[in-house]
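As stored in protein_5.csv (CSV, C-alpha atoms):
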```
chain,number,residue,atom,x,y,z
X,265,MET,CA,23.2,161.1,-9.2
X,266,SER,CA,22.6,157.4,-8.7
X,267,SER,CA,20.4,155.5,-6.4
X,268,VAL,CA,23.0,152.9,-5.7
X,269,GLU,CA,24.7,154.9,-2.9
X,270,ASP,CA,25.1,152.9,0.2
X,271,PRO,CA,23.4,154.3,3.3
X,272,LYS,CA,25.9,155.7,5.9
X,273,MET,CA,26.3,153.4,8.9
X,274,SER,CA,25.8,155.1,12.2
X,275,TRP,CA,28.3,154.7,15.0
X,276,PRO,CA,25.9,152.7,17.2
X,277,VAL,CA,25.3,150.3,14.3
X,278,ARG,CA,29.1,150.0,13.7
X,279,ILE,CA,29.8,149.4,17.4
X,280,GLY,CA,26.9,146.9,17.6
X,281,GLY,CA,28.2,145.1,14.6
X,282,LEU,CA,31.7,144.8,16.1
X,283,PHE,CA,30.2,143.6,19.3
X,284,PHE,CA,28.2,141.0,17.5
X,285,LEU,CA,31.2,139.8,15.5
X,286,GLY,CA,33.3,139.6,18.7
X,287,LEU,CA,30.5,137.6,20.4
X,288,ALA,CA,30.1,135.3,17.4
X,289,GLY,CA,33.9,134.7,17.3
X,290,ALA,CA,34.0,134.0,21.0
X,291,GLY,CA,31.1,131.6,20.8
X,292,VAL,CA,32.6,129.7,17.8
X,293,GLY,CA,36.0,129.7,19.5
X,294,TYR,CA,34.5,128.3,22.7
X,295,LEU,CA,32.6,125.6,20.8
X,296,VAL,CA,35.6,124.5,18.8
X,297,GLY,CA,38.2,124.9,21.5
X,298,GLY,CA,36.0,123.1,24.1
X,299,ARG,CA,36.1,119.9,22.1
X,300,MET,CA,39.9,119.8,21.6
X,301,GLU,CA,42.9,119.0,23.7
X,302,VAL,CA,44.6,122.3,23.2
X,303,GLU,CA,47.7,121.2,25.1
X,304,ASP,CA,48.4,118.4,22.6
X,305,LEU,CA,47.8,120.6,19.6
X,306,ARG,CA,50.5,120.1,16.9
X,307,TRP,CA,52.0,123.1,15.2
X,308,ASP,CA,50.4,122.3,11.9
X,309,ASP,CA,46.9,122.0,13.5
X,310,ALA,CA,47.5,125.2,15.4
X,311,LEU,CA,48.5,127.0,12.2
X,312,ALA,CA,45.5,125.5,10.3
X,313,LEU,CA,43.1,126.7,13.1
X,314,VAL,CA,44.6,130.2,13.0
X,315,ILE,CA,44.2,130.3,9.2
X,316,ALA,CA,40.6,128.9,9.5
X,317,ALA,CA,39.7,131.6,12.1
X,318,MET,CA,41.0,134.3,9.8
X,319,LEU,CA,39.1,132.9,6.8
X,320,LEU,CA,35.9,132.5,8.8
X,321,MET,CA,36.3,136.1,10.2
X,322,THR,CA,36.9,137.5,6.7
X,323,GLY,CA,33.9,135.5,5.4
X,324,VAL,CA,31.6,137.0,8.1
X,325,ILE,CA,32.9,140.5,7.5
X,326,LEU,CA,32.4,140.1,3.7
X,327,ALA,CA,28.9,138.8,4.3
X,328,ALA,CA,28.1,141.9,6.4
X,329,MET,CA,29.6,144.2,3.8
X,330,ALA,CA,27.6,142.5,1.0
X,331,ALA,CA,24.5,143.1,3.1
X,332,MET,CA,25.2,146.7,4.1
X,333,ARG,CA,27.6,148.2,1.5
X,334,SER,CA,26.7,146.3,-1.7
X,335,SER,CA,27.9,149.0,-4.1
X,336,LYS,CA,31.5,148.6,-2.9
X,337,LEU,CA,31.7,145.2,-4.6
X,338,PRO,CA,30.8,144.0,-8.1
X,339,PRO,CA,27.2,142.6,-8.3
X,340,ALA,CA,26.9,139.1,-6.7
X,341,CYS,CA,30.5,139.1,-5.8
X,342,GLY,CA,30.0,140.0,-2.1
X,343,PRO,CA,28.0,136.9,-1.2
X,344,LEU,CA,30.2,134.7,-3.3
X,345,GLN,CA,33.4,136.0,-1.7
X,346,ALA,CA,31.8,135.4,1.7
X,347,LEU,CA,30.8,131.9,0.7
X,348,VAL,CA,34.2,131.0,-0.6
X,349,MET,CA,35.9,132.3,2.5
X,350,LEU,CA,33.5,130.5,4.9
X,351,ILE,CA,33.9,127.2,3.0
X,352,ALA,CA,37.7,127.6,3.0
X,353,GLY,CA,37.6,128.1,6.8
X,354,GLY,CA,35.3,125.1,7.2
X,355,LEU,CA,37.7,123.0,5.0
X,356,MET,CA,40.6,123.9,7.3
X,357,VAL,CA,38.8,123.1,10.5
X,358,ALA,CA,37.0,120.0,9.5
X,359,PRO,CA,40.0,117.6,9.4
X,360,ILE,CA,40.9,118.6,12.9
X,361,TRP,CA,37.5,119.0,14.6
X,362,GLY,CA,35.3,116.9,12.3
X,363,PRO,CA,36.1,113.5,13.9
X,364,ASN,CA,34.4,114.8,17.1
X,365,LEU,CA,31.2,114.8,15.2
X,366,ALA,CA,31.5,111.9,12.7
X,367,SER,CA,33.7,109.1,11.6
X,368,PRO,CA,36.8,110.1,9.5
X,369,ASP,CA,35.4,108.6,6.3
X,370,VAL,CA,32.2,110.6,6.7
X,371,VAL,CA,34.2,113.7,7.4
X,372,PHE,CA,36.3,113.0,4.3
X,373,ILE,CA,33.2,112.6,2.1
X,374,GLY,CA,31.9,115.9,3.5
X,375,LEU,CA,35.3,117.5,2.6
X,376,VAL,CA,35.1,116.2,-1.0
X,377,LEU,CA,31.6,117.7,-1.4
X,378,LEU,CA,32.6,121.0,0.2
X,379,SER,CA,35.6,121.2,-2.1
X,380,LEU,CA,33.3,120.7,-5.1
X,381,VAL,CA,31.0,123.5,-3.8
X,382,GLN,CA,34.1,125.7,-3.2
X,383,SER,CA,35.3,125.1,-6.8
X,384,VAL,CA,31.9,126.0,-8.3
X,385,ALA,CA,31.7,129.1,-6.0
X,386,ASN,CA,35.2,130.2,-7.1
X,387,LEU,CA,34.2,129.7,-10.8
X,388,MET,CA,31.1,131.8,-10.3
X,389,LEU,CA,33.1,134.5,-8.5
X,390,TRP,CA,35.4,134.7,-11.5
X,391,CYS,CA,32.5,135.0,-13.9
X,392,HIS,CA,30.8,137.7,-11.8
X,393,ALA,CA,33.9,139.7,-11.0
X,394,ASP,CA,34.9,142.9,-12.7
X,395,GLU,CA,38.3,143.2,-14.4
X,396,MET,CA,40.1,144.6,-11.4
X,397,LEU,CA,38.9,141.9,-9.0
X,398,ARG,CA,39.9,139.3,-11.7
X,399,ARG,CA,43.3,141.0,-11.8
X,400,VAL,CA,43.7,140.7,-8.1
X,401,MET,CA,42.7,137.1,-8.2
X,402,VAL,CA,45.3,136.4,-10.9
X,403,GLU,CA,48.0,138.3,-9.1
X,404,THR,CA,47.2,136.5,-5.8
X,405,SER,CA,47.5,133.1,-7.6
X,406,ALA,CA,50.8,134.1,-9.3
X,407,LEU,CA,52.3,135.4,-6.1
X,408,ALA,CA,51.2,132.5,-4.0
X,409,PHE,CA,52.4,130.0,-6.6
X,410,TRP,CA,55.8,131.7,-6.8
X,411,ALA,CA,56.2,131.9,-3.0
X,412,SER,CA,54.9,128.3,-2.4
X,413,GLN,CA,57.2,126.9,-5.1
X,414,MET,CA,60.2,128.6,-3.6
X,415,ALA,CA,59.2,127.4,0.0
X,416,LEU,CA,58.7,123.9,-1.2
X,417,PHE,CA,61.9,123.8,-3.1
X,418,LEU,CA,63.9,125.1,-0.1
X,419,TYR,CA,62.2,122.6,2.2
X,420,ALA,CA,62.7,119.7,-0.3
X,421,ALA,CA,66.4,120.6,-0.7
X,422,ALA,CA,66.9,120.8,3.0
X,423,GLU,CA,65.2,117.4,3.4
X,424,ARG,CA,67.3,115.9,0.6
X,425,LEU,CA,70.4,117.2,2.4
X,426,GLY,CA,69.3,115.6,5.6
X,427,LEU,CA,69.0,118.9,7.4
X,428,THR,CA,65.3,118.7,8.1
X,429,GLY,CA,62.2,116.5,7.7
X,430,GLY,CA,59.0,115.4,9.2
X,431,VAL,CA,56.6,118.0,7.9
X,432,SER,CA,53.4,116.3,7.1
X,433,ALA,CA,51.2,117.1,4.0
X,434,TRP,CA,48.7,118.7,6.4
X,435,GLY,CA,51.5,121.0,7.7
X,436,MET,CA,52.5,121.9,4.1
X,437,MET,CA,48.8,122.7,3.4
X,438,ALA,CA,48.6,124.9,6.4
X,439,VAL,CA,51.8,126.7,5.2
X,440,LEU,CA,50.4,127.0,1.7
X,441,MET,CA,47.2,128.6,3.0
X,442,THR,CA,49.2,131.0,5.1
X,443,ILE,CA,51.2,132.0,2.0
X,444,TYR,CA,48.0,132.3,0.0
X,445,LEU,CA,46.4,134.6,2.6
X,446,LEU,CA,49.5,136.8,2.7
X,447,ALA,CA,49.6,136.9,-1.1
X,448,SER,CA,45.9,137.8,-1.2
X,449,ALA,CA,46.5,140.6,1.3
X,450,VAL,CA,49.4,142.0,-0.7
X,451,ALA,CA,47.6,141.9,-4.0
X,452,SER,CA,44.4,143.5,-2.5
X,453,MET,CA,46.3,146.3,-0.8
X,454,ARG,CA,48.2,147.2,-4.0
X,455,ARG,CA,44.8,148.0,-5.5
X,456,GLY,CA,43.4,149.7,-2.5
X,457,LEU,CA,41.1,146.8,-1.5
X,458,HIS,CA,41.3,146.8,2.3
F,174,MET,CA,49.5,156.2,-16.2
F,175,ASN,CA,47.7,159.4,-15.2
F,176,ASN,CA,44.0,160.1,-15.8
F,177,ARG,CA,41.5,162.9,-15.3
F,178,LEU,CA,38.7,160.6,-14.2
F,179,LYS,CA,38.2,162.3,-10.8
F,180,VAL,CA,38.0,165.8,-12.4
F,181,LEU,CA,35.6,164.7,-15.1
F,182,ARG,CA,33.4,162.9,-12.6
F,183,ALA,CA,33.4,166.0,-10.3
F,184,GLU,CA,32.4,168.2,-13.2
F,185,ARG,CA,29.3,166.1,-13.7
F,186,ASP,CA,28.6,165.8,-10.0
F,187,TRP,CA,28.6,162.1,-10.2
F,188,SER,CA,29.4,159.8,-7.3
F,189,GLN,CA,31.9,157.0,-7.6
F,190,ALA,CA,29.0,154.6,-7.2
F,191,HIS,CA,27.1,156.2,-10.1
F,192,LEU,CA,30.1,156.0,-12.4
F,193,ALA,CA,30.7,152.4,-11.3
F,194,GLU,CA,27.2,151.6,-12.2
F,195,LEU,CA,27.6,153.2,-15.7
F,196,LEU,CA,30.8,151.3,-16.3
F,197,GLY,CA,29.6,148.0,-14.9
F,198,VAL,CA,32.4,147.8,-12.4
F,199,SER,CA,32.6,148.1,-8.6
F,200,ARG,CA,33.0,151.4,-6.7
F,201,GLN,CA,36.4,150.0,-5.5
F,202,THR,CA,37.5,149.8,-9.1
F,203,VAL,CA,36.5,153.4,-9.9
F,204,ASN,CA,38.4,154.4,-6.7
F,205,ALA,CA,41.5,152.4,-7.8
F,206,LEU,CA,41.3,154.0,-11.2
F,207,GLU,CA,41.1,157.5,-9.8
F,208,THR,CA,43.9,157.0,-7.4
F,209,GLY,CA,46.2,155.5,-10.0
F,210,ARG,CA,46.3,152.1,-8.4
F,211,TYR,CA,44.8,150.4,-11.4
F,212,ASP,CA,45.1,151.0,-15.1
F,213,PRO,CA,42.0,150.0,-17.1
F,214,SER,CA,41.9,147.5,-19.9
F,215,LEU,CA,41.5,148.9,-23.4
F,216,PRO,CA,37.7,148.0,-23.5
F,217,LEU,CA,37.1,149.7,-20.1
F,218,ALA,CA,39.2,152.8,-21.3
F,219,PHE,CA,37.0,153.0,-24.4
F,220,LYS,CA,33.9,152.7,-22.3
F,221,ILE,CA,35.1,155.5,-20.0
F,222,ALA,CA,35.8,157.7,-23.1
F,223,ARG,CA,32.4,157.0,-24.5
F,224,ILE,CA,30.6,157.8,-21.2
F,225,PHE,CA,32.5,161.2,-20.8
F,226,ASP,CA,32.2,161.8,-24.6
F,227,GLN,CA,35.9,162.5,-24.9
F,228,PRO,CA,38.8,160.8,-26.8
F,229,ILE,CA,40.8,158.4,-24.7
F,230,GLU,CA,44.0,160.5,-25.0
F,231,SER,CA,42.3,163.4,-23.4
F,232,ILE,CA,41.4,161.3,-20.3
F,233,PHE,CA,44.5,159.1,-20.0
F,234,SER,CA,48.1,160.2,-20.4
F,235,GLU,CA,51.5,158.7,-19.9
F,236,ASP,CA,53.5,159.4,-16.7
```

Spit out the file's structure as structure tokens when you get a sec.
Amino acid sequence: MSSVEDPKMSWPVRIGGLFFLGLAGAGVGYLVGGRMEVEDLRWDDALALVIAAMLLMTGVILAAMAAMRSSKLPPACGPLQALVMLIAGGLMVAPIWGPNLASPDVVFIGLVLLSLVQSVANLMLWCHADEMLRRVMVETSALAFWASQMALFLYAAAERLGLTGGVSAWGMMAVLMTIYLLASAVASMRRGLH
Amino acid sequence: MNNRLKVLRAERDWSQAHLAELLGVSRQTVNALETGRYDPSLPLAFKIARIFDQPIESIFSED
């Protein structure tokens, strides 16, 4: 038998972990929400914040899994997946909340740097992943591309026909990330990764 | 595709984590292989055959 078995988590540890995650989420939500005019929130900002919250929550859970159940993931993939998710969440929040902390140009420079770190982390994740995780990443990309292309085509056609209009690039980005998350969930569940 | 991975692993009293370590993949991948949610690449199938010391066709079969 191997020595790489993960130790079983006791129920108090599990409940404590859930409590900690809930507390952390409430704290971050209070900090972010407290600095924004929630009543004036546009739909695209609201969607981006929901996606950001999901990405950050997934990142925290993945980080906890990487620390406690490392054999479940390919070596080095847990921390990298967590990093990618956390940065993605930060990227979705920063354009909305960042101007509370710094000027827009400084926020934008930060976003460019974060995007570069995100790209390197994604590349490293690909290099460290085993073949099934790579397959899931490829299937996620293919599914998200197909669905986004169809959504963009339908929207563009409706706009050309004068039936709709006014969705900003930020709104499209929020929709794209929503589609990507759904595609990721579908591709992961097909392989039993949940 | 069907496979006898779970049976072969049980015969050797190996955990999924141990087999994953031998194959250089995650435990999730071993689980997905055993439950038929994922078909391995040819290199991984050869590696599995080598580890169990059996021909590929005796481990994997068509539906």

inquiry  = Need the shell around region 434-437 of chain X: protein/DNA/RNA residues with any atom at most 8 Å away, counting only C-alpha atoms. Skip same-chain ones fewer than 2 positions apart. Format as a PyMOL selection string?
reply    = chain X and resi 307-309+312+431-432+439-441

With C-alpha atoms retained, export the selected residues as a compact mmCIF listing (two decimals), in the frame of the given file.
```txt
# COMPACT_ATOMS: atom_id res chain seq x y z
CA TRP X 307 52.00 123.10 15.20
CA ASP X 308 50.40 122.30 11.90
CA ASP X 309 46.90 122.00 13.50
CA ALA X 312 45.50 125.50 10.30
CA VAL X 431 56.60 118.00 7.90
CA SER X 432 53.40 116.30 7.10
CA VAL X 439 51.80 126.70 5.20
CA LEU X 440 50.40 127.00 1.70
CA MET X 441 47.20 128.60 3.00
```

With all atoms listed in the file as the counted atoms, please give the residues lying no more than 12 Å from Ile224 (chain F), apart from itself and same-chain residues fewer than 2 positions off, as a CSV table (one decimal) with C-alpha atoms, in the coordinates of the input.
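Wrote it out as selection.csv, contents follow:
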```csv
chain,number,residue,atom,x,y,z
F,178,LEU,CA,38.7,160.6,-14.2
F,181,LEU,CA,35.6,164.7,-15.1
F,182,ARG,CA,33.4,162.9,-12.6
F,185,ARG,CA,29.3,166.1,-13.7
F,187,TRP,CA,28.6,162.1,-10.2
F,191,HIS,CA,27.1,156.2,-10.1
F,192,LEU,CA,30.1,156.0,-12.4
F,193,ALA,CA,30.7,152.4,-11.3
F,194,GLU,CA,27.2,151.6,-12.2
F,195,LEU,CA,27.6,153.2,-15.7
F,196,LEU,CA,30.8,151.3,-16.3
F,197,GLY,CA,29.6,148.0,-14.9
F,217,LEU,CA,37.1,149.7,-20.1
F,218,ALA,CA,39.2,152.8,-21.3
F,219,PHE,CA,37.0,153.0,-24.4
F,220,LYS,CA,33.9,152.7,-22.3
F,221,ILE,CA,35.1,155.5,-20.0
F,222,ALA,CA,35.8,157.7,-23.1
F,226,ASP,CA,32.2,161.8,-24.6
F,227,GLN,CA,35.9,162.5,-24.9
F,228,PRO,CA,38.8,160.8,-26.8
F,229,ILE,CA,40.8,158.4,-24.7
F,232,ILE,CA,41.4,161.3,-20.3
```

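Restricting the calculation to all atoms listed in the file, the smallest distance between Asp212 (chain F) and any of F:Phe225, F:Gln189, F:Val180, F:Phe233 is found for F:Phe233.
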
Record the distance separating CA of Ala358 (chain X) and CA of Val371 (chain X), expressed in Å with one decimal.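 CA of Val371 (chain X) lies 7.2 Å from CA of Ala358 (chain X).
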
### Query
From the list X:Ala447, X:Leu457, X:Ala328, X:Ala290, which residue is nearest Ala408 (chain X) when using all atoms listed in the file?
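For Ala408 (chain X), the nearest of the candidates is X:Ala447.
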
**Report entry** Non-local contacts of Gly456 (chain X) (12 Å; all atoms listed in the file; under 5 positions in same chain excluded) as a ChimeraX atom specification
**Finding:** /X:336,396-397,400,449-451 /F:200-211

Between CA of Tyr294 (chain X) and CA of Ala327 (chain X) lies a distance of 21.9 Å

The distance between CA of Lys179 (chain F) and CA of Leu389 (chain X) is 28.4 Å

Restricting to all atoms listed in the file, whichever of X:Pro276, X:Ala316, X:Ile443, X:Leu355 is closest to Ile373 (chain X) is X:Leu355

Shortest contact to Leu380 (chain X), candidates X:Leu365, X:Val348, X:Leu427, X:Ala411, atoms counted only C-alpha atoms, goes to X:Val348

Using all atoms listed in the file, give me every residue within 8 Å of (29.5, 141.9, 11.8) in file coordinates, as a list of chain:residue names.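 Applying the cut-off with all atoms listed in the file, one gets X:Gly281, X:Leu282, X:Phe283, X:Phe284, X:Leu285, X:Val324, X:Ile325, X:Ala328.
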
Complete region 443-454 of chain X with all heavy atoms (output as a JSON list (two decimals), in the coordinates of the input).
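Printed below is out.json as written:
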```json
[["chain", "number", "residue", "atom", "x", "y", "z"],
["X", 443, "ILE", "N", 50.57, 131.25, 3.09],
["X", 443, "ILE", "CA", 51.20, 132.00, 2.00],
["X", 443, "ILE", "C", 50.09, 132.60, 1.10],
["X", 443, "ILE", "O", 50.17, 133.76, 0.69],
["X", 443, "ILE", "CB", 52.10, 131.07, 1.15],
["X", 443, "ILE", "CG1", 53.34, 130.68, 1.97],
["X", 443, "ILE", "CG2", 52.51, 131.74, -0.16],
["X", 443, "ILE", "CD1", 54.21, 129.63, 1.31],
["X", 444, "TYR", "N", 49.05, 131.82, 0.83],
["X", 444, "TYR", "CA", 48.00, 132.30, 0.00],
["X", 444, "TYR", "C", 47.28, 133.53, 0.59],
["X", 444, "TYR", "O", 47.00, 134.51, -0.11],
["X", 444, "TYR", "CB", 46.95, 131.19, -0.29],
["X", 444, "TYR", "CG", 45.89, 131.61, -1.28],
["X", 444, "TYR", "CD1", 46.12, 131.50, -2.65],
["X", 444, "TYR", "CD2", 44.68, 132.15, -0.86],
["X", 444, "TYR", "CE1", 45.18, 131.92, -3.58],
["X", 444, "TYR", "CE2", 43.73, 132.56, -1.78],
["X", 444, "TYR", "CZ", 43.99, 132.45, -3.14],
["X", 444, "TYR", "OH", 43.05, 132.87, -4.04],
["X", 445, "LEU", "N", 47.02, 133.45, 1.89],
["X", 445, "LEU", "CA", 46.40, 134.60, 2.60],
["X", 445, "LEU", "C", 47.25, 135.84, 2.51],
["X", 445, "LEU", "O", 46.77, 136.94, 2.26],
["X", 445, "LEU", "CB", 46.06, 134.23, 4.02],
["X", 445, "LEU", "CG", 44.69, 133.63, 4.30],
["X", 445, "LEU", "CD1", 44.50, 133.44, 5.79],
["X", 445, "LEU", "CD2", 43.57, 134.50, 3.75],
["X", 446, "LEU", "N", 48.56, 135.65, 2.74],
["X", 446, "LEU", "CA", 49.50, 136.80, 2.70],
["X", 446, "LEU", "C", 49.52, 137.37, 1.26],
["X", 446, "LEU", "O", 49.47, 138.60, 1.07],
["X", 446, "LEU", "CB", 50.89, 136.36, 3.10],
["X", 446, "LEU", "CG", 51.07, 136.07, 4.60],
["X", 446, "LEU", "CD1", 52.46, 135.49, 4.86],
["X", 446, "LEU", "CD2", 50.90, 137.36, 5.41],
["X", 447, "ALA", "N", 49.56, 136.47, 0.25],
["X", 447, "ALA", "CA", 49.60, 136.90, -1.10],
["X", 447, "ALA", "C", 48.31, 137.69, -1.47],
["X", 447, "ALA", "O", 48.34, 138.73, -2.15],
["X", 447, "ALA", "CB", 49.75, 135.72, -2.08],
["X", 448, "SER", "N", 47.19, 137.19, -0.97],
["X", 448, "SER", "CA", 45.90, 137.80, -1.20],
["X", 448, "SER", "C", 45.89, 139.24, -0.59],
["X", 448, "SER", "O", 45.41, 140.21, -1.20],
["X", 448, "SER", "CB", 44.79, 136.98, -0.63],
["X", 448, "SER", "OG", 43.57, 137.65, -0.69],
["X", 449, "ALA", "N", 46.44, 139.34, 0.62],
["X", 449, "ALA", "CA", 46.50, 140.60, 1.30],
["X", 449, "ALA", "C", 47.35, 141.63, 0.52],
["X", 449, "ALA", "O", 46.97, 142.79, 0.33],
["X", 449, "ALA", "CB", 47.00, 140.47, 2.72],
["X", 450, "VAL", "N", 48.50, 141.16, 0.05],
["X", 450, "VAL", "CA", 49.40, 142.00, -0.70],
["X", 450, "VAL", "C", 48.76, 142.50, -2.00],
["X", 450, "VAL", "O", 48.74, 143.69, -2.33],
["X", 450, "VAL", "CB", 50.75, 141.31, -0.99],
["X", 450, "VAL", "CG1", 51.60, 142.10, -1.97],
["X", 450, "VAL", "CG2", 51.53, 141.09, 0.30],
["X", 451, "ALA", "N", 48.19, 141.53, -2.75],
["X", 451, "ALA", "CA", 47.60, 141.90, -4.00],
["X", 451, "ALA", "C", 46.38, 142.82, -3.85],
["X", 451, "ALA", "O", 46.19, 143.75, -4.64],
["X", 451, "ALA", "CB", 47.12, 140.59, -4.75],
["X", 452, "SER", "N", 45.61, 142.62, -2.80],
["X", 452, "SER", "CA", 44.40, 143.50, -2.50],
["X", 452, "SER", "C", 44.87, 144.88, -2.14],
["X", 452, "SER", "O", 44.31, 145.88, -2.60],
["X", 452, "SER", "CB", 43.57, 142.89, -1.43],
["X", 452, "SER", "OG", 43.11, 141.62, -1.81],
["X", 453, "MET", "N", 45.89, 144.96, -1.28],
["X", 453, "MET", "CA", 46.30, 146.30, -0.80],
["X", 453, "MET", "C", 46.92, 147.11, -1.92],
["X", 453, "MET", "O", 46.78, 148.32, -1.94],
["X", 453, "MET", "CB", 47.31, 146.13, 0.36],
["X", 453, "MET", "CG", 46.60, 145.89, 1.69],
["X", 453, "MET", "SD", 47.67, 146.05, 3.10],
["X", 453, "MET", "CE", 48.66, 144.60, 2.98],
["X", 454, "ARG", "N", 47.60, 146.45, -2.86],
["X", 454, "ARG", "CA", 48.20, 147.20, -4.00],
["X", 454, "ARG", "C", 47.10, 147.93, -4.78],
["X", 454, "ARG", "O", 47.35, 148.96, -5.38],
["X", 454, "ARG", "CB", 48.89, 146.21, -4.94],
["X", 454, "ARG", "CG", 50.27, 145.81, -4.47],
["X", 454, "ARG", "CD", 50.99, 145.05, -5.56],
["X", 454, "ARG", "NE", 51.30, 145.90, -6.69],
["X", 454, "ARG", "CZ", 51.12, 145.55, -7.95],
["X", 454, "ARG", "NH1", 50.62, 144.37, -8.24],
["X", 454, "ARG", "NH2", 51.44, 146.36, -8.93]]
```
